[in-house]
file target26.txt (compact mmCIF, C-alpha atoms)
# COMPACT_ATOMS: atom_id res chain seq x y z
CA GLN A 13 150.67 60.48 -109.68
CA SER A 14 152.24 63.91 -109.22
CA ALA A 15 155.08 64.79 -106.88
CA LEU A 16 154.07 66.12 -103.49
CA THR A 17 154.41 69.90 -103.18
CA GLN A 18 157.12 71.35 -100.96
CA PRO A 19 158.48 74.91 -100.73
CA PRO A 20 161.76 75.16 -102.69
CA SER A 21 163.61 76.69 -99.77
CA VAL A 22 163.36 77.63 -96.10
CA SER A 23 165.83 79.35 -93.82
CA GLY A 24 166.35 80.16 -90.19
CA SER A 25 168.95 81.34 -87.73
CA PRO A 26 170.74 79.00 -85.32
CA GLY A 27 168.47 78.10 -82.43
CA GLN A 28 165.28 79.01 -84.26
CA SER A 29 162.61 76.63 -85.56
CA VAL A 30 161.58 76.04 -89.14
CA THR A 31 158.69 74.09 -90.61
CA ILE A 32 158.63 72.46 -94.03
CA SER A 33 155.24 71.67 -95.54
CA CYS A 34 154.36 68.79 -97.86
CA THR A 35 151.03 68.96 -99.67
CA GLY A 36 149.52 65.97 -101.40
CA THR A 37 146.03 64.77 -102.18
CA SER A 38 143.34 62.50 -100.81
CA SER A 39 145.01 59.70 -102.76
CA ASP A 40 148.24 59.88 -100.79
CA VAL A 41 148.98 62.11 -97.77
CA GLY A 42 145.33 62.57 -96.93
CA SER A 43 144.51 58.87 -96.83
CA TYR A 44 147.52 57.24 -95.22
CA ASN A 45 149.67 57.74 -92.14
CA ARG A 46 152.62 56.50 -94.20
CA VAL A 47 154.45 59.79 -94.56
CA SER A 48 158.22 59.83 -94.27
CA TRP A 49 160.80 62.61 -94.26
CA TYR A 50 164.38 62.35 -95.51
CA GLN A 51 167.46 64.53 -95.05
CA GLN A 52 170.04 64.68 -97.85
CA PRO A 53 173.23 66.66 -97.26
CA PRO A 54 175.11 67.46 -100.48
CA GLY A 55 176.77 64.47 -102.10
CA THR A 56 175.23 61.84 -99.85
CA ALA A 57 172.35 59.38 -99.92
CA PRO A 58 169.09 60.42 -98.26
CA LYS A 59 168.62 59.53 -94.59
CA LEU A 60 165.27 58.65 -93.03
CA MET A 61 164.38 61.22 -90.34
CA ILE A 62 160.66 60.65 -89.72
CA TYR A 63 158.37 57.73 -90.58
CA GLU A 64 154.63 57.11 -90.20
CA VAL A 65 154.07 60.88 -89.86
CA THR A 66 155.49 61.35 -86.36
CA ASN A 67 158.00 58.61 -85.53
CA ARG A 68 161.77 59.09 -85.34
CA PRO A 69 164.18 56.24 -86.15
CA SER A 70 166.77 55.49 -83.51
CA GLY A 71 169.53 58.08 -83.50
CA VAL A 72 167.52 60.97 -84.96
CA PRO A 73 167.51 63.95 -82.57
CA ASP A 74 164.18 64.88 -80.99
CA ARG A 75 164.63 68.35 -82.51
CA PHE A 76 163.01 66.78 -85.58
CA SER A 77 159.27 66.25 -85.41
CA GLY A 78 156.48 65.49 -87.86
CA SER A 79 152.77 66.10 -88.06
CA LYS A 80 149.89 65.91 -90.50
CA SER A 81 146.60 67.67 -91.07
CA GLY A 82 144.37 66.67 -93.96
CA ASN A 83 146.38 66.51 -97.17
CA THR A 84 149.39 68.35 -95.73
CA ALA A 85 152.24 66.92 -93.69
CA SER A 86 154.88 69.00 -91.95
CA LEU A 87 158.42 68.58 -90.67
CA THR A 88 159.54 70.90 -87.88
CA ILE A 89 163.16 71.33 -86.95
CA SER A 90 163.66 73.14 -83.65
CA GLY A 91 166.89 74.50 -82.24
CA LEU A 92 168.41 74.84 -85.72
CA GLN A 93 172.04 73.88 -86.03
CA ALA A 94 174.56 74.40 -88.82
CA GLU A 95 174.68 70.61 -89.33
CA ASP A 96 170.98 70.65 -90.35
CA VAL A 97 171.85 72.26 -93.69
CA ALA A 98 170.55 69.82 -96.32
CA ASP A 99 167.78 69.12 -98.77
CA TYR A 100 164.67 67.64 -97.18
CA TYR A 101 162.16 65.40 -98.95
CA CYS A 102 158.78 64.13 -97.88
CA SER A 103 157.34 60.89 -99.18
CA SER A 104 153.92 59.30 -98.99
CA TYR A 105 152.33 55.98 -99.73
CA THR A 106 149.67 56.21 -102.45
CA SER A 107 146.42 54.54 -103.41
CA SER A 108 148.33 52.83 -106.27
CA SER A 109 150.39 50.87 -103.69
CA THR A 110 153.45 52.89 -104.64
CA TRP A 111 155.22 55.81 -102.99
CA VAL A 112 155.81 59.35 -104.18
CA PHE A 113 158.39 61.94 -103.12
CA GLY A 114 158.02 65.68 -102.77
CA GLY A 115 160.05 68.06 -104.89
CA GLY A 116 162.45 68.80 -102.06
CA THR A 117 163.21 71.79 -99.84
CA LYS A 118 166.63 73.34 -99.37
CA LEU A 119 167.28 74.36 -95.77
CA THR A 120 169.67 77.24 -95.16
CA VAL A 121 170.92 78.13 -91.69
CA LEU A 122 171.68 81.84 -91.67
CA GLU B 24 174.61 45.45 -89.78
CA VAL B 25 172.31 46.14 -92.72
CA GLN B 26 174.31 47.12 -95.80
CA LEU B 27 173.43 47.82 -99.41
CA VAL B 28 176.40 47.97 -101.77
CA GLN B 29 175.80 49.18 -105.31
CA SER B 30 177.77 48.54 -108.48
CA GLY B 31 180.15 51.16 -109.82
CA ALA B 32 179.66 54.13 -112.10
CA GLU B 33 178.73 53.48 -115.71
CA VAL B 34 179.27 55.45 -118.92
CA LYS B 35 177.11 54.26 -121.79
CA LYS B 36 175.90 55.40 -125.21
CA PRO B 37 172.26 56.04 -126.15
CA GLY B 38 170.55 52.85 -127.23
CA GLU B 39 172.78 50.57 -125.16
CA SER B 40 171.45 48.30 -122.43
CA LEU B 41 172.51 48.41 -118.81
CA LYS B 42 171.88 46.54 -115.57
CA ILE B 43 173.07 47.98 -112.28
CA SER B 44 173.08 46.04 -109.04
CA CYS B 45 172.54 46.41 -105.31
CA LYS B 46 173.78 43.67 -102.96
CA GLY B 47 172.11 43.41 -99.58
CA SER B 48 173.75 41.92 -96.50
CA GLY B 49 173.23 41.78 -92.76
CA TYR B 50 169.51 41.05 -92.94
CA SER B 51 166.97 38.64 -94.38
CA PHE B 52 167.02 39.81 -98.01
CA THR B 53 163.84 37.97 -98.97
CA SER B 54 161.75 39.49 -96.16
CA TYR B 55 161.88 43.22 -96.94
CA TRP B 56 160.99 45.41 -99.88
CA ILE B 57 163.92 46.91 -101.80
CA GLY B 58 163.53 49.76 -104.22
CA TRP B 59 165.20 52.23 -106.56
CA VAL B 60 165.29 56.02 -106.49
CA ARG B 61 166.51 58.31 -109.27
CA GLN B 62 168.19 61.67 -108.77
CA MET B 63 168.94 63.60 -111.95
CA PRO B 64 171.79 66.13 -111.81
CA GLY B 65 170.85 69.03 -109.56
CA LYS B 66 167.30 67.74 -109.09
CA GLY B 67 165.20 66.06 -106.44
CA VAL B 68 164.73 62.39 -105.75
CA GLU B 69 162.12 60.32 -107.60
CA TRP B 70 160.61 57.02 -106.48
CA MET B 71 160.99 54.49 -109.31
CA GLY B 72 159.71 51.18 -107.97
CA ILE B 73 160.14 48.37 -105.49
CA ILE B 74 160.40 44.60 -105.38
CA PHE B 75 159.76 42.05 -102.65
CA PRO B 76 162.52 39.51 -103.22
CA GLY B 77 160.63 36.76 -101.39
CA ASP B 78 158.01 36.45 -104.14
CA SER B 79 159.22 38.98 -106.76
CA ASP B 80 156.11 41.14 -106.33
CA THR B 81 157.12 44.34 -108.15
CA ARG B 82 155.52 47.78 -108.26
CA TYR B 83 156.47 50.71 -110.49
CA SER B 84 155.80 54.41 -110.43
CA PRO B 85 153.67 55.29 -113.47
CA SER B 86 156.53 57.54 -114.58
CA PHE B 87 158.93 54.60 -114.84
CA LYS B 88 156.68 51.70 -115.80
CA GLY B 89 157.83 50.31 -119.14
CA GLN B 90 161.04 52.36 -118.99
CA VAL B 91 163.02 50.14 -116.61
CA THR B 92 162.82 46.64 -115.15
CA ILE B 93 163.40 45.85 -111.49
CA SER B 94 164.41 42.33 -110.55
CA ALA B 95 166.10 40.41 -107.74
CA ASP B 96 168.16 37.25 -107.39
CA LYS B 97 167.59 36.01 -103.86
CA SER B 98 170.28 33.34 -104.19
CA ILE B 99 172.90 36.12 -104.21
CA THR B 100 170.84 38.70 -102.28
CA THR B 101 171.07 41.20 -105.12
CA ALA B 102 168.53 43.54 -106.67
CA TYR B 103 168.85 44.94 -110.17
CA LEU B 104 167.71 47.91 -112.23
CA HIS B 105 167.75 47.27 -115.98
CA TRP B 106 167.40 49.42 -119.08
CA SER B 107 167.03 47.82 -122.51
CA SER B 108 167.75 51.01 -124.45
CA LEU B 109 169.26 53.97 -122.62
CA LYS B 110 168.50 57.59 -123.39
CA ALA B 111 170.52 60.68 -122.56
CA SER B 112 167.76 61.62 -120.12
CA ASP B 113 168.60 58.50 -118.06
CA THR B 114 171.77 60.25 -116.88
CA ALA B 115 171.39 60.35 -113.12
CA MET B 116 172.45 58.97 -109.77
CA TYR B 117 170.48 55.87 -108.86
CA PHE B 118 170.06 54.76 -105.26
CA CYS B 119 168.77 51.45 -103.98
CA ALA B 120 167.14 51.37 -100.56
CA THR B 121 165.29 48.93 -98.34
CA SER B 122 162.33 49.15 -95.98
CA TYR B 123 164.04 47.12 -93.27
CA GLY B 124 161.92 48.65 -90.54
CA GLY B 125 158.75 47.54 -92.26
CA PRO B 126 156.75 48.54 -95.33
CA ASN B 127 155.14 51.54 -93.65
CA ARG B 128 158.44 53.30 -92.99
CA GLY B 129 159.61 54.10 -96.46
CA PHE B 130 163.32 53.51 -96.99
CA ASP B 131 165.48 53.29 -93.88
CA TYR B 132 168.70 51.88 -95.35
CA TRP B 133 170.28 53.19 -98.54
CA GLY B 134 173.05 52.19 -100.91
CA GLN B 135 175.84 54.59 -101.80
CA GLY B 136 174.43 55.34 -105.25
CA THR B 137 175.44 54.44 -108.82
CA LEU B 138 176.12 57.25 -111.27
CA VAL B 139 174.92 56.46 -114.77
CA THR B 140 176.07 58.73 -117.59
CA VAL B 141 174.54 58.31 -121.03
CA SER B 142 176.28 60.28 -123.74
CA SER B 143 177.14 59.85 -127.39

call {"tool": "encode", "arguments": {"input": "target26.txt", "output": "structure tokens"}}
result
Amino acid sequence: QSALTQPPSVSGSPGQSVTISCTGTSSDVGSYNRVSWYQQPPGTAPKLMIYEVTNRPSGVPDRFSGSKSGNTASLTISGLQAEDVADYYCSSYTSSSTWVFGGGTKLTVL
Amino acid sequence: EVQLVQSGAEVKKPGESLKISCKGSGYSFTSYWIGWVRQMPGKGVEWMGIIFPGDSDTRYSPSFKGQVTISADKSITTAYLHWSSLKASDTAMYFCATSYGGPNRGFDYWGQGTLVTVSS
């Protein structure tokens, strides 16, 4: 199974919105609503931000939202803040009963 | 409070064996999947595999199958990641994590990471 495809980097100004895409296949993203998104600031462990495509764990701001269409999932961060600077990873359940991560996207707030 | 506490950093030589640990507390250890994630220096995260401590059902990413062994000792609520013969390319940070919110969520609680350095 190959890693899911994410853009290496995205950027936006404070207050703007950015969207990070995550493209898989019909064997993972396209077949299951088990897509998660993680935020990893430098030097820390990843933190779950979105699960089951659209759901936010308790404590995650509603500025973070997820969606999916076909084989591509997306994470949108609205009202960008300096504290959002981090690497973001998507993850999907697969037809092999395992999970796979995306390659990661570095978010820069200009 | 759900906590995962990992063992400390390791420095090993190529060919040596190693087992790192991840102790869970604050939840029913046998009822939730626990897994391992690799992060090589300056690179992204990679899903390695998971184990269900209740029955030891274990699943591996094809990339890691045969390269590592995941196990768990439910009597001491601890999961393990084991290498029988380390390579320099195993140098990485390794995180354990659990799907406490349910198997559909992915990993919602993470350990602090264990840095493994393999060098001659």

call {"tool": "interface_residues", "arguments": {"input": "target26.txt", "of": "chain B", "to": "chain A", "cutoff": "6 Å", "atoms": "all atoms listed in the file", "output": "list in words"}}
result
Gly67, Trp70, Asn127, Arg128 and Asp131 of chain B

call {"tool": "write_last_selection", "arguments": {"input": "target26.txt", "atoms": "C-alpha atoms", "output": "PDB file, in the frame of the given file"}}
result
ATOM      1  CA  GLY B  67     165.200  66.060-106.440  1.00  0.00           C
ATOM      2  CA  TRP B  70     160.610  57.020-106.480  1.00  0.00           C
ATOM      3  CA  ASN B 127     155.140  51.540 -93.650  1.00  0.00           C
ATOM      4  CA  ARG B 128     158.440  53.300 -92.990  1.00  0.00           C
ATOM      5  CA  ASP B 131     165.480  53.290 -93.880  1.00  0.00           C
TER       6      ASP B 131
END

call {"tool": "closest_residue", "arguments": {"input": "target26.txt", "among": "A:Thr66, A:Ser23, A:Ser38, A:Ser29", "to": "A:Asn83", "atoms": "only C-alpha atoms"}}
result
A:Ser38

call {"tool": "closest_residue", "arguments": {"input": "target26.txt", "among": "A:Ser21, A:Asp74, A:Gly27, A:Cys34", "to": "A:Ala98", "atoms": "only C-alpha atoms"}}
result
A:Ser21

call {"tool": "residues_around", "arguments": {"input": "target26.txt", "residues": "A:Val121", "least_positions_apart": "3", "cutoff": "9 Å", "atoms": "all atoms listed in the file", "output": "JSON list (two decimals) with C-alpha atoms, in the coordinates of the input"}}
result
[["chain", "number", "residue", "atom", "x", "y", "z"],
["A", 22, "VAL", "CA", 163.36, 77.63, -96.10],
["A", 23, "SER", "CA", 165.83, 79.35, -93.82],
["A", 24, "GLY", "CA", 166.35, 80.16, -90.19],
["A", 25, "SER", "CA", 168.95, 81.34, -87.73],
["A", 26, "PRO", "CA", 170.74, 79.00, -85.32],
["A", 92, "LEU", "CA", 168.41, 74.84, -85.72],
["A", 93, "GLN", "CA", 172.04, 73.88, -86.03],
["A", 94, "ALA", "CA", 174.56, 74.40, -88.82],
["A", 95, "GLU", "CA", 174.68, 70.61, -89.33],
["A", 96, "ASP", "CA", 170.98, 70.65, -90.35],
["A", 97, "VAL", "CA", 171.85, 72.26, -93.69]]

call {"tool": "atom_distance", "arguments": {"input": "target26.txt", "atom1": "atom CA of A:Ser86", "atom2": "atom CA of A:Val41"}}
result
10.8 Å

call {"tool": "closest_residue", "arguments": {"input": "target26.txt", "among": "B:Ser94, B:Lys110, B:Ser30, B:Arg61", "to": "B:Ser44", "atoms": "all atoms listed in the file"}}
result
B:Ser30

call {"tool": "closest_residue", "arguments": {"input": "target26.txt", "among": "A:Asp40, A:Thr31, A:Thr84, A:Ile89", "to": "A:Val72", "atoms": "only C-alpha atoms"}}
result
A:Ile89

call {"tool": "closest_residue", "arguments": {"input": "target26.txt", "among": "B:Phe52, B:Trp59, B:Phe130, B:Trp106", "to": "B:Gln29", "atoms": "all atoms listed in the file"}}
result
B:Trp59

call {"tool": "atom_distance", "arguments": {"input": "target26.txt", "atom1": "atom CA of B:Ser108", "atom2": "atom CA of B:Ser40"}}
result
5.0 Å

call {"tool": "residues_around", "arguments": {"input": "target26.txt", "residues": "B:Glu24", "least_positions_apart": "6", "cutoff": "12 Å", "atoms": "only C-alpha atoms", "output": "tab-separated table (two decimals) with C-alpha atoms, in the frame of the given file"}}
result
chain	number	residue	atom	x	y	z
B	47	GLY	CA	172.11	43.41	-99.58
B	48	SER	CA	173.75	41.92	-96.50
B	49	GLY	CA	173.23	41.78	-92.76
B	50	TYR	CA	169.51	41.05	-92.94
B	51	SER	CA	166.97	38.64	-94.38
B	123	TYR	CA	164.04	47.12	-93.27
B	132	TYR	CA	168.70	51.88	-95.35

call {"tool": "atom_distance", "arguments": {"input": "target26.txt", "atom1": "atom CA of A:Gln51", "atom2": "atom CA of A:Thr17"}}
result
16.3 Å

call {"tool": "residues_near_point", "arguments": {"input": "target26.txt", "point": "(157.2, 55.0, -114.2)", "cutoff": "10 Å", "atoms": "only C-alpha atoms", "output": "ChimeraX atom specification"}}
result
/A:13 /B:69-72,82-91

call {"tool": "axis_aligned_box", "arguments": {"input": "target26.txt", "around": "stretch 84-102 of chain B", "padding_each_side": "5 Å", "output": "JSON"}}
result
{"center_x": 163.3, "center_y": 45.4, "center_z": -110.7, "size_x": 29.2, "size_y": 34.2, "size_z": 26.9}

call {"tool": "closest_residue", "arguments": {"input": "target26.txt", "among": "B:Ile74, B:Ile93, B:Ala32, B:Val60", "to": "B:Ser107", "atoms": "only C-alpha atoms"}}
result
B:Ile93

call {"tool": "residues_around", "arguments": {"input": "target26.txt", "residues": "B:Pro37", "least_positions_apart": "6", "cutoff": "8 Å", "atoms": "only C-alpha atoms", "output": "list in words"}}
result
Ser108, Leu109, Lys110, Ala111, Val141, Ser142 and Ser143 of chain B

call {"tool": "build_atoms", "arguments": {"input": "target26.txt", "residues": "stretch 40-73 of chain B", "atoms": "N, CA and C atoms", "output": "PDB file, in the coordinates of the input"}}
result
ATOM      1  N   SER B  40     172.133  48.844-123.595  1.00  0.00           N
ATOM      2  CA  SER B  40     171.450  48.300-122.430  1.00  0.00           C
ATOM      3  C   SER B  40     172.361  48.388-121.216  1.00  0.00           C
ATOM      4  N   LEU B  41     171.735  48.311-120.042  1.00  0.00           N
ATOM      5  CA  LEU B  41     172.510  48.410-118.810  1.00  0.00           C
ATOM      6  C   LEU B  41     171.735  47.751-117.678  1.00  0.00           C
ATOM      7  N   LYS B  42     172.462  47.072-116.800  1.00  0.00           N
ATOM      8  CA  LYS B  42     171.880  46.540-115.570  1.00  0.00           C
ATOM      9  C   LYS B  42     172.805  46.919-114.435  1.00  0.00           C
ATOM     10  N   ILE B  43     172.285  47.650-113.465  1.00  0.00           N
ATOM     11  CA  ILE B  43     173.070  47.980-112.280  1.00  0.00           C
ATOM     12  C   ILE B  43     172.562  47.152-111.101  1.00  0.00           C
ATOM     13  N   SER B  44     173.423  46.964-110.107  1.00  0.00           N
ATOM     14  CA  SER B  44     173.080  46.040-109.040  1.00  0.00           C
ATOM     15  C   SER B  44     173.194  46.656-107.652  1.00  0.00           C
ATOM     16  N   CYS B  45     172.590  45.965-106.700  1.00  0.00           N
ATOM     17  CA  CYS B  45     172.540  46.410-105.310  1.00  0.00           C
ATOM     18  C   CYS B  45     172.547  45.154-104.443  1.00  0.00           C
ATOM     19  N   LYS B  46     173.668  44.893-103.770  1.00  0.00           N
ATOM     20  CA  LYS B  46     173.780  43.670-102.960  1.00  0.00           C
ATOM     21  C   LYS B  46     173.469  43.967-101.504  1.00  0.00           C
ATOM     22  N   GLY B  47     172.498  43.250-100.979  1.00  0.00           N
ATOM     23  CA  GLY B  47     172.110  43.410 -99.580  1.00  0.00           C
ATOM     24  C   GLY B  47     172.819  42.401 -98.694  1.00  0.00           C
ATOM     25  N   SER B  48     173.148  42.820 -97.482  1.00  0.00           N
ATOM     26  CA  SER B  48     173.750  41.920 -96.500  1.00  0.00           C
ATOM     27  C   SER B  48     173.378  42.368 -95.099  1.00  0.00           C
ATOM     28  N   GLY B  49     173.516  41.446 -94.145  1.00  0.00           N
ATOM     29  CA  GLY B  49     173.230  41.780 -92.760  1.00  0.00           C
ATOM     30  C   GLY B  49     171.778  41.703 -92.357  1.00  0.00           C
ATOM     31  N   TYR B  50     170.930  41.202 -93.252  1.00  0.00           N
ATOM     32  CA  TYR B  50     169.510  41.050 -92.940  1.00  0.00           C
ATOM     33  C   TYR B  50     168.914  39.990 -93.846  1.00  0.00           C
ATOM     34  N   SER B  51     167.652  39.641 -93.576  1.00  0.00           N
ATOM     35  CA  SER B  51     166.970  38.640 -94.380  1.00  0.00           C
ATOM     36  C   SER B  51     166.477  39.270 -95.678  1.00  0.00           C
ATOM     37  N   PHE B  52     167.263  39.116 -96.736  1.00  0.00           N
ATOM     38  CA  PHE B  52     167.020  39.810 -98.010  1.00  0.00           C
ATOM     39  C   PHE B  52     165.628  39.547 -98.562  1.00  0.00           C
ATOM     40  N   THR B  53     165.124  38.337 -98.356  1.00  0.00           N
ATOM     41  CA  THR B  53     163.840  37.970 -98.970  1.00  0.00           C
ATOM     42  C   THR B  53     162.635  38.503 -98.193  1.00  0.00           C
ATOM     43  N   SER B  54     162.862  39.108 -97.036  1.00  0.00           N
ATOM     44  CA  SER B  54     161.750  39.490 -96.160  1.00  0.00           C
ATOM     45  C   SER B  54     161.378  40.966 -96.200  1.00  0.00           C
ATOM     46  N   TYR B  55     162.120  41.776 -96.941  1.00  0.00           N
ATOM     47  CA  TYR B  55     161.880  43.220 -96.940  1.00  0.00           C
ATOM     48  C   TYR B  55     161.914  43.781 -98.352  1.00  0.00           C
ATOM     49  N   TRP B  56     161.018  44.732 -98.600  1.00  0.00           N
ATOM     50  CA  TRP B  56     160.990  45.410 -99.880  1.00  0.00           C
ATOM     51  C   TRP B  56     162.308  46.149-100.125  1.00  0.00           C
ATOM     52  N   ILE B  57     162.734  46.159-101.399  1.00  0.00           N
ATOM     53  CA  ILE B  57     163.920  46.910-101.800  1.00  0.00           C
ATOM     54  C   ILE B  57     163.550  47.686-103.048  1.00  0.00           C
ATOM     55  N   GLY B  58     163.973  48.931-103.114  1.00  0.00           N
ATOM     56  CA  GLY B  58     163.530  49.760-104.220  1.00  0.00           C
ATOM     57  C   GLY B  58     164.640  50.605-104.815  1.00  0.00           C
ATOM     58  N   TRP B  59     164.258  51.370-105.847  1.00  0.00           N
ATOM     59  CA  TRP B  59     165.200  52.230-106.560  1.00  0.00           C
ATOM     60  C   TRP B  59     164.666  53.651-106.619  1.00  0.00           C
ATOM     61  N   VAL B  60     165.606  54.588-106.506  1.00  0.00           N
ATOM     62  CA  VAL B  60     165.290  56.020-106.490  1.00  0.00           C
ATOM     63  C   VAL B  60     166.236  56.717-107.466  1.00  0.00           C
ATOM     64  N   ARG B  61     165.688  57.563-108.320  1.00  0.00           N
ATOM     65  CA  ARG B  61     166.510  58.310-109.270  1.00  0.00           C
ATOM     66  C   ARG B  61     166.728  59.750-108.790  1.00  0.00           C
ATOM     67  N   GLN B  62     167.912  60.266-109.020  1.00  0.00           N
ATOM     68  CA  GLN B  62     168.190  61.670-108.770  1.00  0.00           C
ATOM     69  C   GLN B  62     168.982  62.226-109.959  1.00  0.00           C
ATOM     70  N   MET B  63     168.294  62.980-110.798  1.00  0.00           N
ATOM     71  CA  MET B  63     168.940  63.600-111.950  1.00  0.00           C
ATOM     72  C   MET B  63     169.835  64.740-111.476  1.00  0.00           C
ATOM     73  N   PRO B  64     170.824  65.110-112.265  1.00  0.00           N
ATOM     74  CA  PRO B  64     171.790  66.130-111.810  1.00  0.00           C
ATOM     75  C   PRO B  64     171.119  67.418-111.346  1.00  0.00           C
ATOM     76  N   GLY B  65     171.385  67.804-110.117  1.00  0.00           N
ATOM     77  CA  GLY B  65     170.850  69.030-109.560  1.00  0.00           C
ATOM     78  C   GLY B  65     169.373  69.015-109.252  1.00  0.00           C
ATOM     79  N   LYS B  66     168.750  67.860-109.285  1.00  0.00           N
ATOM     80  CA  LYS B  66     167.300  67.740-109.090  1.00  0.00           C
ATOM     81  C   LYS B  66     166.960  66.928-107.852  1.00  0.00           C
ATOM     82  N   GLY B  67     165.678  66.801-107.588  1.00  0.00           N
ATOM     83  CA  GLY B  67     165.200  66.060-106.440  1.00  0.00           C
ATOM     84  C   GLY B  67     165.176  64.556-106.692  1.00  0.00           C
ATOM     85  N   VAL B  68     164.813  63.842-105.649  1.00  0.00           N
ATOM     86  CA  VAL B  68     164.730  62.390-105.750  1.00  0.00           C
ATOM     87  C   VAL B  68     163.362  61.969-106.280  1.00  0.00           C
ATOM     88  N   GLU B  69     163.356  60.847-107.008  1.00  0.00           N
ATOM     89  CA  GLU B  69     162.120  60.320-107.600  1.00  0.00           C
ATOM     90  C   GLU B  69     162.011  58.832-107.281  1.00  0.00           C
ATOM     91  N   TRP B  70     160.850  58.415-106.811  1.00  0.00           N
ATOM     92  CA  TRP B  70     160.610  57.020-106.480  1.00  0.00           C
ATOM     93  C   TRP B  70     160.321  56.248-107.768  1.00  0.00           C
ATOM     94  N   MET B  71     161.124  55.205-108.055  1.00  0.00           N
ATOM     95  CA  MET B  71     160.990  54.490-109.310  1.00  0.00           C
ATOM     96  C   MET B  71     160.148  53.220-109.167  1.00  0.00           C
ATOM     97  N   GLY B  72     160.420  52.438-108.139  1.00  0.00           N
ATOM     98  CA  GLY B  72     159.710  51.180-107.970  1.00  0.00           C
ATOM     99  C   GLY B  72     160.351  50.344-106.891  1.00  0.00           C
ATOM    100  N   ILE B  73     159.660  49.264-106.540  1.00  0.00           N
ATOM    101  CA  ILE B  73     160.140  48.370-105.490  1.00  0.00           C
ATOM    102  C   ILE B  73     159.858  46.926-105.848  1.00  0.00           C
TER     103      ILE B  73
END
